[in-house]
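What's in target-v5.pdb: PDB, C-alpha atoms
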```
MODEL        1
ATOM      1  CA  MET A   1       0.000   0.000   0.000  1.00  0.00           C
ATOM      2  CA  SER A   2       1.325   3.438  -0.830  1.00  0.00           C
ATOM      3  CA  VAL A   3       0.234   7.004  -0.256  1.00  0.00           C
ATOM      4  CA  LYS A   4       0.780   9.870  -2.667  1.00  0.00           C
ATOM      5  CA  LYS A   5       2.173  13.135  -1.383  1.00  0.00           C
ATOM      6  CA  GLY A   6       2.760  15.907  -3.902  1.00  0.00           C
ATOM      7  CA  GLY A   7       2.563  13.434  -6.784  1.00  0.00           C
ATOM      8  CA  LYS A   8       5.246  11.213  -5.269  1.00  0.00           C
ATOM      9  CA  LYS A   9       4.542   7.781  -3.847  1.00  0.00           C
ATOM     10  CA  ILE A  10       5.591   7.513  -0.222  1.00  0.00           C
ATOM     11  CA  GLY A  11       5.335   4.638   2.148  1.00  0.00           C
ATOM     12  CA  GLN A  12       5.517   2.009  -0.582  1.00  0.00           C
ATOM     13  CA  VAL A  13       6.282  -1.450   0.786  1.00  0.00           C
ATOM     14  CA  VAL A  14       9.468  -2.795  -0.763  1.00  0.00           C
ATOM     15  CA  LYS A  15       9.769  -6.153   1.016  1.00  0.00           C
ATOM     16  CA  ARG A  16       7.558  -8.194   3.330  1.00  0.00           C
ATOM     17  CA  PHE A  17       8.908 -10.845   5.669  1.00  0.00           C
ATOM     18  CA  PRO A  18       7.320 -14.089   6.926  1.00  0.00           C
ATOM     19  CA  ASP A  19       6.764 -12.660  10.425  1.00  0.00           C
ATOM     20  CA  GLY A  20       4.589  -9.832   9.049  1.00  0.00           C
ATOM     21  CA  SER A  21       7.243  -7.122   9.271  1.00  0.00           C
ATOM     22  CA  TYR A  22       8.110  -5.080   6.198  1.00  0.00           C
ATOM     23  CA  LEU A  23      10.462  -2.471   4.775  1.00  0.00           C
ATOM     24  CA  GLU A  24       9.507   0.649   2.888  1.00  0.00           C
ATOM     25  CA  TYR A  25      10.881   3.973   1.754  1.00  0.00           C
ATOM     26  CA  ASP A  26       9.264   7.119   3.109  1.00  0.00           C
ATOM     27  CA  GLN A  27      10.058  10.729   3.777  1.00  0.00           C
ATOM     28  CA  GLY A  28      12.962  11.222   6.155  1.00  0.00           C
ATOM     29  CA  SER A  29      14.663  14.340   7.460  1.00  0.00           C
ATOM     30  CA  PHE A  30      16.743  14.698   4.268  1.00  0.00           C
ATOM     31  CA  ASP A  31      14.789  13.128   1.428  1.00  0.00           C
ATOM     32  CA  GLY A  32      12.074  10.672   0.458  1.00  0.00           C
ATOM     33  CA  TRP A  33      14.437   7.705   0.488  1.00  0.00           C
ATOM     34  CA  CYS A  34      14.535   6.986   4.199  1.00  0.00           C
ATOM     35  CA  VAL A  35      14.248   3.266   4.959  1.00  0.00           C
ATOM     36  CA  TYR A  36      11.591   2.325   7.513  1.00  0.00           C
ATOM     37  CA  LEU A  37      11.127  -1.030   9.220  1.00  0.00           C
ATOM     38  CA  THR A  38       7.639  -1.807  10.459  1.00  0.00           C
ATOM     39  CA  LYS A  39       7.689  -4.753  12.840  1.00  0.00           C
ATOM     40  CA  SER A  40       4.866  -7.259  13.134  1.00  0.00           C
ATOM     41  CA  ASN A  41       3.644  -5.465  16.286  1.00  0.00           C
ATOM     42  CA  GLY A  42       3.171  -2.244  14.265  1.00  0.00           C
ATOM     43  CA  ASP A  43       6.265  -0.462  15.626  1.00  0.00           C
ATOM     44  CA  ARG A  44       7.630   1.638  12.738  1.00  0.00           C
ATOM     45  CA  ARG A  45      10.955   3.442  12.650  1.00  0.00           C
ATOM     46  CA  PRO A  46      14.005   3.988  10.500  1.00  0.00           C
ATOM     47  CA  PRO A  47      16.748   1.527  11.504  1.00  0.00           C
ATOM     48  CA  ARG A  48      19.957   3.222  12.623  1.00  0.00           C
ATOM     49  CA  ASP A  49      23.451   2.115  11.634  1.00  0.00           C
ATOM     50  CA  ALA A  50      24.225   1.267  15.258  1.00  0.00           C
ATOM     51  CA  ASP A  51      21.175  -1.039  15.415  1.00  0.00           C
ATOM     52  CA  TYR A  52      22.089  -3.252  12.504  1.00  0.00           C
ATOM     53  CA  PHE A  53      25.841  -2.927  13.088  1.00  0.00           C
ATOM     54  CA  ASP A  54      25.302  -4.494  16.507  1.00  0.00           C
ATOM     55  CA  GLN A  55      23.359  -7.335  14.876  1.00  0.00           C
ATOM     56  CA  LEU A  56      26.086  -7.803  12.256  1.00  0.00           C
ATOM     57  CA  LYS A  57      28.729  -7.969  14.999  1.00  0.00           C
ATOM     58  CA  GLN A  58      26.750 -10.668  16.834  1.00  0.00           C
ATOM     59  CA  LEU A  59      26.242 -12.630  13.621  1.00  0.00           C
ATOM     60  CA  ALA A  60      29.985 -12.434  12.869  1.00  0.00           C
ATOM     61  CA  LYS A  61      30.735 -13.937  16.300  1.00  0.00           C
ATOM     62  CA  LYS A  62      28.347 -16.801  15.555  1.00  0.00           C
ATOM     63  CA  TYR A  63      29.023 -17.460  11.844  1.00  0.00           C
ATOM     64  CA  GLY A  64      32.432 -15.892  11.299  1.00  0.00           C
ATOM     65  CA  THR A  65      33.455 -12.515   9.969  1.00  0.00           C
ATOM     66  CA  GLY A  66      34.371 -13.999   6.594  1.00  0.00           C
ATOM     67  CA  GLN A  67      30.877 -15.329   5.941  1.00  0.00           C
ATOM     68  CA  VAL A  68      29.015 -12.232   7.136  1.00  0.00           C
ATOM     69  CA  TYR A  69      31.289  -9.740   5.372  1.00  0.00           C
ATOM     70  CA  GLY A  70      31.467 -11.898   2.238  1.00  0.00           C
ATOM     71  CA  ASP A  71      27.684 -12.122   2.046  1.00  0.00           C
ATOM     72  CA  TYR A  72      27.387  -8.371   2.635  1.00  0.00           C
ATOM     73  CA  VAL A  73      29.795  -7.772  -0.282  1.00  0.00           C
ATOM     74  CA  ARG A  74      27.623 -10.022  -2.471  1.00  0.00           C
ATOM     75  CA  VAL A  75      24.674  -7.730  -1.680  1.00  0.00           C
ATOM     76  CA  TYR A  76      26.861  -4.649  -2.211  1.00  0.00           C
ATOM     77  CA  ASP A  77      27.927  -5.900  -5.642  1.00  0.00           C
ATOM     78  CA  MET A  78      24.276  -6.381  -6.685  1.00  0.00           C
ATOM     79  CA  THR A  79      23.234  -2.898  -5.533  1.00  0.00           C
ATOM     80  CA  GLY A  80      22.448  -0.217  -8.109  1.00  0.00           C
ATOM     81  CA  LYS A  81      20.234   2.853  -8.061  1.00  0.00           C
ATOM     82  CA  GLU A  82      16.879   1.047  -8.115  1.00  0.00           C
ATOM     83  CA  VAL A  83      15.286  -1.730  -6.088  1.00  0.00           C
ATOM     84  CA  GLU A  84      15.245  -4.958  -8.069  1.00  0.00           C
ATOM     85  CA  ALA A  85      13.002  -7.883  -7.145  1.00  0.00           C
ATOM     86  CA  PRO A  86      15.616 -10.509  -8.174  1.00  0.00           C
ATOM     87  CA  VAL A  87      18.136  -8.930  -5.788  1.00  0.00           C
ATOM     88  CA  LEU A  88      15.613  -8.961  -2.928  1.00  0.00           C
ATOM     89  CA  ALA A  89      14.996 -12.653  -3.669  1.00  0.00           C
ATOM     90  CA  LYS A  90      18.761 -13.340  -3.759  1.00  0.00           C
ATOM     91  CA  ILE A  91      19.151 -11.652  -0.353  1.00  0.00           C
ATOM     92  CA  SER A  92      16.521 -14.045   1.029  1.00  0.00           C
ATOM     93  CA  GLN A  93      18.450 -16.973  -0.472  1.00  0.00           C
ATOM     94  CA  ILE A  94      21.711 -15.766   1.077  1.00  0.00           C
ATOM     95  CA  ALA A  95      19.948 -15.430   4.456  1.00  0.00           C
ATOM     96  CA  GLU A  96      18.868 -19.095   4.365  1.00  0.00           C
ATOM     97  CA  SER A  97      22.444 -20.178   5.117  1.00  0.00           C
ATOM     98  CA  TYR A  98      22.127 -18.561   8.564  1.00  0.00           C
ATOM     99  CA  LYS A  99      19.875 -21.316   9.947  1.00  0.00           C
ATOM    100  CA  ASP A 100      17.977 -20.002  12.997  1.00  0.00           C
ATOM    101  CA  ASP A 101      18.898 -16.428  12.097  1.00  0.00           C
ATOM    102  CA  THR A 102      17.477 -16.473   8.559  1.00  0.00           C
ATOM    103  CA  LEU A 103      14.811 -13.844   9.203  1.00  0.00           C
ATOM    104  CA  GLU A 104      17.185 -11.511  11.053  1.00  0.00           C
ATOM    105  CA  VAL A 105      19.801 -11.726   8.288  1.00  0.00           C
ATOM    106  CA  ASP A 106      17.176 -11.257   5.571  1.00  0.00           C
ATOM    107  CA  ILE A 107      15.971  -8.091   7.290  1.00  0.00           C
ATOM    108  CA  ILE A 108      19.476  -6.702   7.986  1.00  0.00           C
ATOM    109  CA  PHE A 109      20.815  -7.322   4.477  1.00  0.00           C
ATOM    110  CA  SER A 110      17.595  -5.953   2.958  1.00  0.00           C
ATOM    111  CA  ILE A 111      17.924  -2.804   5.098  1.00  0.00           C
ATOM    112  CA  LEU A 112      21.531  -2.417   3.974  1.00  0.00           C
ATOM    113  CA  TYR A 113      20.527  -2.970   0.340  1.00  0.00           C
ATOM    114  CA  MET A 114      17.838  -0.303   0.532  1.00  0.00           C
ATOM    115  CA  ALA A 115      20.124   2.075   2.462  1.00  0.00           C
ATOM    116  CA  MET A 116      22.828   1.693  -0.199  1.00  0.00           C
ATOM    117  CA  ILE A 117      20.273   2.484  -2.913  1.00  0.00           C
ATOM    118  CA  SER A 118      19.351   5.604  -0.922  1.00  0.00           C
ATOM    119  CA  GLU A 119      23.014   6.607  -0.852  1.00  0.00           C
ATOM    120  CA  GLU A 120      23.241   6.066  -4.625  1.00  0.00           C
ATOM    121  CA  LYS A 121      20.181   8.298  -5.145  1.00  0.00           C
ATOM    122  CA  LYS A 122      21.540  11.242  -3.172  1.00  0.00           C
ATOM    123  CA  LYS A 123      21.905  14.266  -5.392  1.00  0.00           C
ATOM    124  CA  ASN A 124      25.509  14.925  -6.443  1.00  0.00           C
ATOM    125  CA  THR A 125      26.822  12.020  -4.372  1.00  0.00           C
ATOM    126  CA  LYS A 126      30.544  11.423  -4.560  1.00  0.00           C
ATOM    127  CA  LEU A 127      30.526   8.340  -2.328  1.00  0.00           C
ATOM    128  CA  GLY A 128      27.240   6.538  -2.952  1.00  0.00           C
ATOM    129  CA  LYS A 129      27.013   3.062  -1.490  1.00  0.00           C
ATOM    130  CA  ARG A 130      30.726   3.021  -0.611  1.00  0.00           C
ATOM    131  CA  ILE A 131      29.933   4.937   2.584  1.00  0.00           C
ATOM    132  CA  LYS A 132      27.960   1.946   3.931  1.00  0.00           C
ATOM    133  CA  ARG A 133      30.657  -0.473   2.873  1.00  0.00           C
ATOM    134  CA  LEU A 134      33.282   1.515   4.748  1.00  0.00           C
ATOM    135  CA  GLY A 135      31.186   1.330   7.907  1.00  0.00           C
ATOM    136  CA  VAL A 136      30.599  -2.426   7.579  1.00  0.00           C
ATOM    137  CA  HIS A 137      34.255  -3.032   6.662  1.00  0.00           C
ATOM    138  CA  SER A 138      35.448  -1.037   9.688  1.00  0.00           C
ATOM    139  CA  LEU A 139      33.058  -2.907  11.956  1.00  0.00           C
ATOM    140  CA  LEU A 140      33.839  -6.426  10.800  1.00  0.00           C
ATOM    141  CA  ASN A 141      37.325  -6.383   9.287  1.00  0.00           C
ATOM    142  CA  GLU A 142      38.950  -3.720  11.458  1.00  0.00           C
ATOM    143  CA  ASN A 143      37.078  -4.782  14.594  1.00  0.00           C
ATOM    144  CA  GLN A 144      35.869  -1.288  15.429  1.00  0.00           C
ATOM    145  CA  SER A 145      33.190  -0.968  18.061  1.00  0.00           C
ATOM    146  CA  VAL A 146      29.592  -0.605  16.902  1.00  0.00           C
ATOM    147  CA  SER A 147      29.535   3.037  18.006  1.00  0.00           C
ATOM    148  CA  SER A 148      32.842   3.864  16.343  1.00  0.00           C
ATOM    149  CA  ALA A 149      31.942   2.182  13.039  1.00  0.00           C
ATOM    150  CA  ALA A 150      28.561   3.916  12.993  1.00  0.00           C
ATOM    151  CA  ASN A 151      29.928   7.373  13.790  1.00  0.00           C
ATOM    152  CA  PHE A 152      33.587   7.768  12.829  1.00  0.00           C
ATOM    153  CA  MET A 153      32.845   9.399   9.443  1.00  0.00           C
ATOM    154  CA  ARG A 154      30.712  12.185  10.908  1.00  0.00           C
ATOM    155  CA  ASN A 155      32.032  15.611   9.947  1.00  0.00           C
ATOM    156  CA  MET A 156      34.600  14.125   7.564  1.00  0.00           C
ATOM    157  CA  LYS A 157      34.857  15.636   4.088  1.00  0.00           C
ATOM    158  CA  TRP A 158      33.842  13.357   1.230  1.00  0.00           C
ATOM    159  CA  LYS A 159      37.414  13.321  -0.119  1.00  0.00           C
ATOM    160  CA  GLU A 160      38.705  11.944   3.193  1.00  0.00           C
ATOM    161  CA  ILE A 161      36.054   9.216   3.162  1.00  0.00           C
ATOM    162  CA  ALA A 162      36.759   8.435  -0.495  1.00  0.00           C
ATOM    163  CA  ALA A 163      40.474   8.054   0.305  1.00  0.00           C
ATOM    164  CA  LEU A 164      39.648   5.604   3.119  1.00  0.00           C
ATOM    165  CA  CYS A 165      37.489   3.601   0.689  1.00  0.00           C
ATOM    166  CA  GLU A 166      40.206   3.563  -1.959  1.00  0.00           C
ATOM    167  CA  GLU A 167      42.819   2.415   0.601  1.00  0.00           C
ATOM    168  CA  ARG A 168      40.572  -0.571   1.249  1.00  0.00           C
ATOM    169  CA  GLY A 169      40.018  -1.360  -2.406  1.00  0.00           C
ATOM    170  CA  PHE A 170      36.490  -0.084  -2.990  1.00  0.00           C
TER     171      PHE A 170
ENDMDL
END
```

Structure translated into structure tokens:
Amino acid sequence: MSVKKGGKKIGQVVKRFPDGSYLEYDQGSFDGWCVYLTKSNGDRRPPRDADYFDQLKQLAKKYGTGQVYGDYVRVYDMTGKEVEAPVLAKISQIAESYKDDTLEVDIIFSILYMAMISEEKKKNTKLGKRIKRLGVHSLLNENQSVSSAANFMRNMKWKEIAALCEERGF
């Protein structure tokens, strides 16, 4: 279900999950590409980097950093400027390898996918989806704390962030 505001669709469901929760884009504080997670109990809010970074950290402890980061990179490599149904389906397939955590991984990787698309859609972006990859890379491969990985780029110029990305090969 979607609502039109000023000729633009807002609140359009992008992906539904087996537990009744779903993801959508809606108006945020910067643009109309803010990702919202509505849980099965009706609680609706935009997920924060620190929220899903903490979940990624826990998953890496359980399944190994290599698997979690490698699967994230698979999603990263499939991410363009538009949501694609085959990519959403592939994310669900990737999540199946996480046994009891399938739903959680499906939701986290889908949030990251949609967030990276949002970054790609930002007007005059110089970094695009690389900004999310730097955060995930720092969290998992450089063992930064959740708070540090979620916040260390604040107030940095895009050229500084781009240099950090390039040093890491992306």

Residues in the PyMOL selection byres ((chain A and resi 91) around 12), expressed as an NGL selection string
:A and (15 or 17 or 71-79 or 84-90 or 92-98 or 102-114)

Skipping near chain neighbours, those fewer than 6 positions away, what residues fall within 12 Å of Arg133 of chain A using all atoms listed in the file, listed as a PyMOL selection string?
chain A and resi 49+53+69-70+72-77+79+112-113+115-116+119+127+139-141+149-150+161-162+164-166+168-170

Explicit residue set for the PyMOL selection byres ((chain A and resi 57) around 12), as a ChimeraX atom specification:
/A:49-56,58-69,105,108,135-147,149

Mind writing the picked residues with C-alpha atoms as a short mmCIF file (atom, residue, chain, number, x, y, z; two decimals), in the frame of the given file?
```cif
data_model
loop_
_atom_site.label_atom_id
_atom_site.label_comp_id
_atom_site.auth_asym_id
_atom_site.auth_seq_id
_atom_site.Cartn_x
_atom_site.Cartn_y
_atom_site.Cartn_z
CA ASP A 49 23.45 2.12 11.63
CA ALA A 50 24.22 1.27 15.26
CA ASP A 51 21.18 -1.04 15.42
CA TYR A 52 22.09 -3.25 12.50
CA PHE A 53 25.84 -2.93 13.09
CA ASP A 54 25.30 -4.49 16.51
CA GLN A 55 23.36 -7.34 14.88
CA LEU A 56 26.09 -7.80 12.26
CA GLN A 58 26.75 -10.67 16.83
CA LEU A 59 26.24 -12.63 13.62
CA ALA A 60 29.98 -12.43 12.87
CA LYS A 61 30.74 -13.94 16.30
CA LYS A 62 28.35 -16.80 15.56
CA TYR A 63 29.02 -17.46 11.84
CA GLY A 64 32.43 -15.89 11.30
CA THR A 65 33.46 -12.52 9.97
CA GLY A 66 34.37 -14.00 6.59
CA GLN A 67 30.88 -15.33 5.94
CA VAL A 68 29.02 -12.23 7.14
CA TYR A 69 31.29 -9.74 5.37
CA VAL A 105 19.80 -11.73 8.29
CA ILE A 108 19.48 -6.70 7.99
CA GLY A 135 31.19 1.33 7.91
CA VAL A 136 30.60 -2.43 7.58
CA HIS A 137 34.26 -3.03 6.66
CA SER A 138 35.45 -1.04 9.69
CA LEU A 139 33.06 -2.91 11.96
CA LEU A 140 33.84 -6.43 10.80
CA ASN A 141 37.33 -6.38 9.29
CA GLU A 142 38.95 -3.72 11.46
CA ASN A 143 37.08 -4.78 14.59
CA GLN A 144 35.87 -1.29 15.43
CA SER A 145 33.19 -0.97 18.06
CA VAL A 146 29.59 -0.60 16.90
CA SER A 147 29.54 3.04 18.01
CA ALA A 149 31.94 2.18 13.04
#
```

Which residues fall under the PyMOL selection byres ((chain A and resi 121) around 12) in this file, as an MDAnalysis selection string?
chainID A and resid 30:34 79:83 114:120 122:129

In Å to one decimal, how far is atom CA of Gln12 of chain A from atom CA of Arg44 of chain A?
13.5 Å

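Distance-wise, atom CA of Thr38 of chain A and atom CA of Asn151 of chain A end up 24.3 Å apart.
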
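Here atom CA of Asn41 of chain A is placed at a distance of 19.1 Å from atom CA of Asp26 of chain A.
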
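Remark: residues at most 6 Å from position (8.7, -5.7, 12.8) in file coordinates are Ser21, Thr38, Lys39 and Ser40 of chain A, using all atoms listed in the file.
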
With all atoms of segment 29-47 of chain A from the file as input, state the centre and edge lengths in Å to one decimal of the axis-aligned box that has 3 Å extra on each side, as AutoDock Vina command-line options.
```
--center_x 10.0 --center_y 3.7 --center_z 8.4 --size_x 19.6 --size_y 28.0 --size_z 21.8
```

Would you save segment 27-151 of chain A to a file, keeping C-alpha atoms, as a PDB file, in the first residue's frame?
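Heads up, here's the output in part_25.pdb:
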```pdb
ATOM      1  CA  GLN A  27      10.058  10.729   3.777  1.00  0.00           C
ATOM      2  CA  GLY A  28      12.962  11.222   6.155  1.00  0.00           C
ATOM      3  CA  SER A  29      14.663  14.340   7.460  1.00  0.00           C
ATOM      4  CA  PHE A  30      16.743  14.698   4.268  1.00  0.00           C
ATOM      5  CA  ASP A  31      14.789  13.128   1.428  1.00  0.00           C
ATOM      6  CA  GLY A  32      12.074  10.672   0.458  1.00  0.00           C
ATOM      7  CA  TRP A  33      14.437   7.705   0.488  1.00  0.00           C
ATOM      8  CA  CYS A  34      14.535   6.986   4.199  1.00  0.00           C
ATOM      9  CA  VAL A  35      14.248   3.266   4.959  1.00  0.00           C
ATOM     10  CA  TYR A  36      11.591   2.325   7.513  1.00  0.00           C
ATOM     11  CA  LEU A  37      11.127  -1.030   9.220  1.00  0.00           C
ATOM     12  CA  THR A  38       7.639  -1.807  10.459  1.00  0.00           C
ATOM     13  CA  LYS A  39       7.689  -4.753  12.840  1.00  0.00           C
ATOM     14  CA  SER A  40       4.866  -7.259  13.134  1.00  0.00           C
ATOM     15  CA  ASN A  41       3.644  -5.465  16.286  1.00  0.00           C
ATOM     16  CA  GLY A  42       3.171  -2.244  14.265  1.00  0.00           C
ATOM     17  CA  ASP A  43       6.265  -0.462  15.626  1.00  0.00           C
ATOM     18  CA  ARG A  44       7.630   1.638  12.738  1.00  0.00           C
ATOM     19  CA  ARG A  45      10.955   3.442  12.650  1.00  0.00           C
ATOM     20  CA  PRO A  46      14.005   3.988  10.500  1.00  0.00           C
ATOM     21  CA  PRO A  47      16.748   1.527  11.504  1.00  0.00           C
ATOM     22  CA  ARG A  48      19.957   3.222  12.623  1.00  0.00           C
ATOM     23  CA  ASP A  49      23.451   2.115  11.634  1.00  0.00           C
ATOM     24  CA  ALA A  50      24.225   1.267  15.258  1.00  0.00           C
ATOM     25  CA  ASP A  51      21.175  -1.039  15.415  1.00  0.00           C
ATOM     26  CA  TYR A  52      22.089  -3.252  12.504  1.00  0.00           C
ATOM     27  CA  PHE A  53      25.841  -2.927  13.088  1.00  0.00           C
ATOM     28  CA  ASP A  54      25.302  -4.494  16.507  1.00  0.00           C
ATOM     29  CA  GLN A  55      23.359  -7.335  14.876  1.00  0.00           C
ATOM     30  CA  LEU A  56      26.086  -7.803  12.256  1.00  0.00           C
ATOM     31  CA  LYS A  57      28.729  -7.969  14.999  1.00  0.00           C
ATOM     32  CA  GLN A  58      26.750 -10.668  16.834  1.00  0.00           C
ATOM     33  CA  LEU A  59      26.242 -12.630  13.621  1.00  0.00           C
ATOM     34  CA  ALA A  60      29.985 -12.434  12.869  1.00  0.00           C
ATOM     35  CA  LYS A  61      30.735 -13.937  16.300  1.00  0.00           C
ATOM     36  CA  LYS A  62      28.347 -16.801  15.555  1.00  0.00           C
ATOM     37  CA  TYR A  63      29.023 -17.460  11.844  1.00  0.00           C
ATOM     38  CA  GLY A  64      32.432 -15.892  11.299  1.00  0.00           C
ATOM     39  CA  THR A  65      33.455 -12.515   9.969  1.00  0.00           C
ATOM     40  CA  GLY A  66      34.371 -13.999   6.594  1.00  0.00           C
ATOM     41  CA  GLN A  67      30.877 -15.329   5.941  1.00  0.00           C
ATOM     42  CA  VAL A  68      29.015 -12.232   7.136  1.00  0.00           C
ATOM     43  CA  TYR A  69      31.289  -9.740   5.372  1.00  0.00           C
ATOM     44  CA  GLY A  70      31.467 -11.898   2.238  1.00  0.00           C
ATOM     45  CA  ASP A  71      27.684 -12.122   2.046  1.00  0.00           C
ATOM     46  CA  TYR A  72      27.387  -8.371   2.635  1.00  0.00           C
ATOM     47  CA  VAL A  73      29.795  -7.772  -0.282  1.00  0.00           C
ATOM     48  CA  ARG A  74      27.623 -10.022  -2.471  1.00  0.00           C
ATOM     49  CA  VAL A  75      24.674  -7.730  -1.680  1.00  0.00           C
ATOM     50  CA  TYR A  76      26.861  -4.649  -2.211  1.00  0.00           C
ATOM     51  CA  ASP A  77      27.927  -5.900  -5.642  1.00  0.00           C
ATOM     52  CA  MET A  78      24.276  -6.381  -6.685  1.00  0.00           C
ATOM     53  CA  THR A  79      23.234  -2.898  -5.533  1.00  0.00           C
ATOM     54  CA  GLY A  80      22.448  -0.217  -8.109  1.00  0.00           C
ATOM     55  CA  LYS A  81      20.234   2.853  -8.061  1.00  0.00           C
ATOM     56  CA  GLU A  82      16.879   1.047  -8.115  1.00  0.00           C
ATOM     57  CA  VAL A  83      15.286  -1.730  -6.088  1.00  0.00           C
ATOM     58  CA  GLU A  84      15.245  -4.958  -8.069  1.00  0.00           C
ATOM     59  CA  ALA A  85      13.002  -7.883  -7.145  1.00  0.00           C
ATOM     60  CA  PRO A  86      15.616 -10.509  -8.174  1.00  0.00           C
ATOM     61  CA  VAL A  87      18.136  -8.930  -5.788  1.00  0.00           C
ATOM     62  CA  LEU A  88      15.613  -8.961  -2.928  1.00  0.00           C
ATOM     63  CA  ALA A  89      14.996 -12.653  -3.669  1.00  0.00           C
ATOM     64  CA  LYS A  90      18.761 -13.340  -3.759  1.00  0.00           C
ATOM     65  CA  ILE A  91      19.151 -11.652  -0.353  1.00  0.00           C
ATOM     66  CA  SER A  92      16.521 -14.045   1.029  1.00  0.00           C
ATOM     67  CA  GLN A  93      18.450 -16.973  -0.472  1.00  0.00           C
ATOM     68  CA  ILE A  94      21.711 -15.766   1.077  1.00  0.00           C
ATOM     69  CA  ALA A  95      19.948 -15.430   4.456  1.00  0.00           C
ATOM     70  CA  GLU A  96      18.868 -19.095   4.365  1.00  0.00           C
ATOM     71  CA  SER A  97      22.444 -20.178   5.117  1.00  0.00           C
ATOM     72  CA  TYR A  98      22.127 -18.561   8.564  1.00  0.00           C
ATOM     73  CA  LYS A  99      19.875 -21.316   9.947  1.00  0.00           C
ATOM     74  CA  ASP A 100      17.977 -20.002  12.997  1.00  0.00           C
ATOM     75  CA  ASP A 101      18.898 -16.428  12.097  1.00  0.00           C
ATOM     76  CA  THR A 102      17.477 -16.473   8.559  1.00  0.00           C
ATOM     77  CA  LEU A 103      14.811 -13.844   9.203  1.00  0.00           C
ATOM     78  CA  GLU A 104      17.185 -11.511  11.053  1.00  0.00           C
ATOM     79  CA  VAL A 105      19.801 -11.726   8.288  1.00  0.00           C
ATOM     80  CA  ASP A 106      17.176 -11.257   5.571  1.00  0.00           C
ATOM     81  CA  ILE A 107      15.971  -8.091   7.290  1.00  0.00           C
ATOM     82  CA  ILE A 108      19.476  -6.702   7.986  1.00  0.00           C
ATOM     83  CA  PHE A 109      20.815  -7.322   4.477  1.00  0.00           C
ATOM     84  CA  SER A 110      17.595  -5.953   2.958  1.00  0.00           C
ATOM     85  CA  ILE A 111      17.924  -2.804   5.098  1.00  0.00           C
ATOM     86  CA  LEU A 112      21.531  -2.417   3.974  1.00  0.00           C
ATOM     87  CA  TYR A 113      20.527  -2.970   0.340  1.00  0.00           C
ATOM     88  CA  MET A 114      17.838  -0.303   0.532  1.00  0.00           C
ATOM     89  CA  ALA A 115      20.124   2.075   2.462  1.00  0.00           C
ATOM     90  CA  MET A 116      22.828   1.693  -0.199  1.00  0.00           C
ATOM     91  CA  ILE A 117      20.273   2.484  -2.913  1.00  0.00           C
ATOM     92  CA  SER A 118      19.351   5.604  -0.922  1.00  0.00           C
ATOM     93  CA  GLU A 119      23.014   6.607  -0.852  1.00  0.00           C
ATOM     94  CA  GLU A 120      23.241   6.066  -4.625  1.00  0.00           C
ATOM     95  CA  LYS A 121      20.181   8.298  -5.145  1.00  0.00           C
ATOM     96  CA  LYS A 122      21.540  11.242  -3.172  1.00  0.00           C
ATOM     97  CA  LYS A 123      21.905  14.266  -5.392  1.00  0.00           C
ATOM     98  CA  ASN A 124      25.509  14.925  -6.443  1.00  0.00           C
ATOM     99  CA  THR A 125      26.822  12.020  -4.372  1.00  0.00           C
ATOM    100  CA  LYS A 126      30.544  11.423  -4.560  1.00  0.00           C
ATOM    101  CA  LEU A 127      30.526   8.340  -2.328  1.00  0.00           C
ATOM    102  CA  GLY A 128      27.240   6.538  -2.952  1.00  0.00           C
ATOM    103  CA  LYS A 129      27.013   3.062  -1.490  1.00  0.00           C
ATOM    104  CA  ARG A 130      30.726   3.021  -0.611  1.00  0.00           C
ATOM    105  CA  ILE A 131      29.933   4.937   2.584  1.00  0.00           C
ATOM    106  CA  LYS A 132      27.960   1.946   3.931  1.00  0.00           C
ATOM    107  CA  ARG A 133      30.657  -0.473   2.873  1.00  0.00           C
ATOM    108  CA  LEU A 134      33.282   1.515   4.748  1.00  0.00           C
ATOM    109  CA  GLY A 135      31.186   1.330   7.907  1.00  0.00           C
ATOM    110  CA  VAL A 136      30.599  -2.426   7.579  1.00  0.00           C
ATOM    111  CA  HIS A 137      34.255  -3.032   6.662  1.00  0.00           C
ATOM    112  CA  SER A 138      35.448  -1.037   9.688  1.00  0.00           C
ATOM    113  CA  LEU A 139      33.058  -2.907  11.956  1.00  0.00           C
ATOM    114  CA  LEU A 140      33.839  -6.426  10.800  1.00  0.00           C
ATOM    115  CA  ASN A 141      37.325  -6.383   9.287  1.00  0.00           C
ATOM    116  CA  GLU A 142      38.950  -3.720  11.458  1.00  0.00           C
ATOM    117  CA  ASN A 143      37.078  -4.782  14.594  1.00  0.00           C
ATOM    118  CA  GLN A 144      35.869  -1.288  15.429  1.00  0.00           C
ATOM    119  CA  SER A 145      33.190  -0.968  18.061  1.00  0.00           C
ATOM    120  CA  VAL A 146      29.592  -0.605  16.902  1.00  0.00           C
ATOM    121  CA  SER A 147      29.535   3.037  18.006  1.00  0.00           C
ATOM    122  CA  SER A 148      32.842   3.864  16.343  1.00  0.00           C
ATOM    123  CA  ALA A 149      31.942   2.182  13.039  1.00  0.00           C
ATOM    124  CA  ALA A 150      28.561   3.916  12.993  1.00  0.00           C
ATOM    125  CA  ASN A 151      29.928   7.373  13.790  1.00  0.00           C
TER     126      ASN A 151
END
```
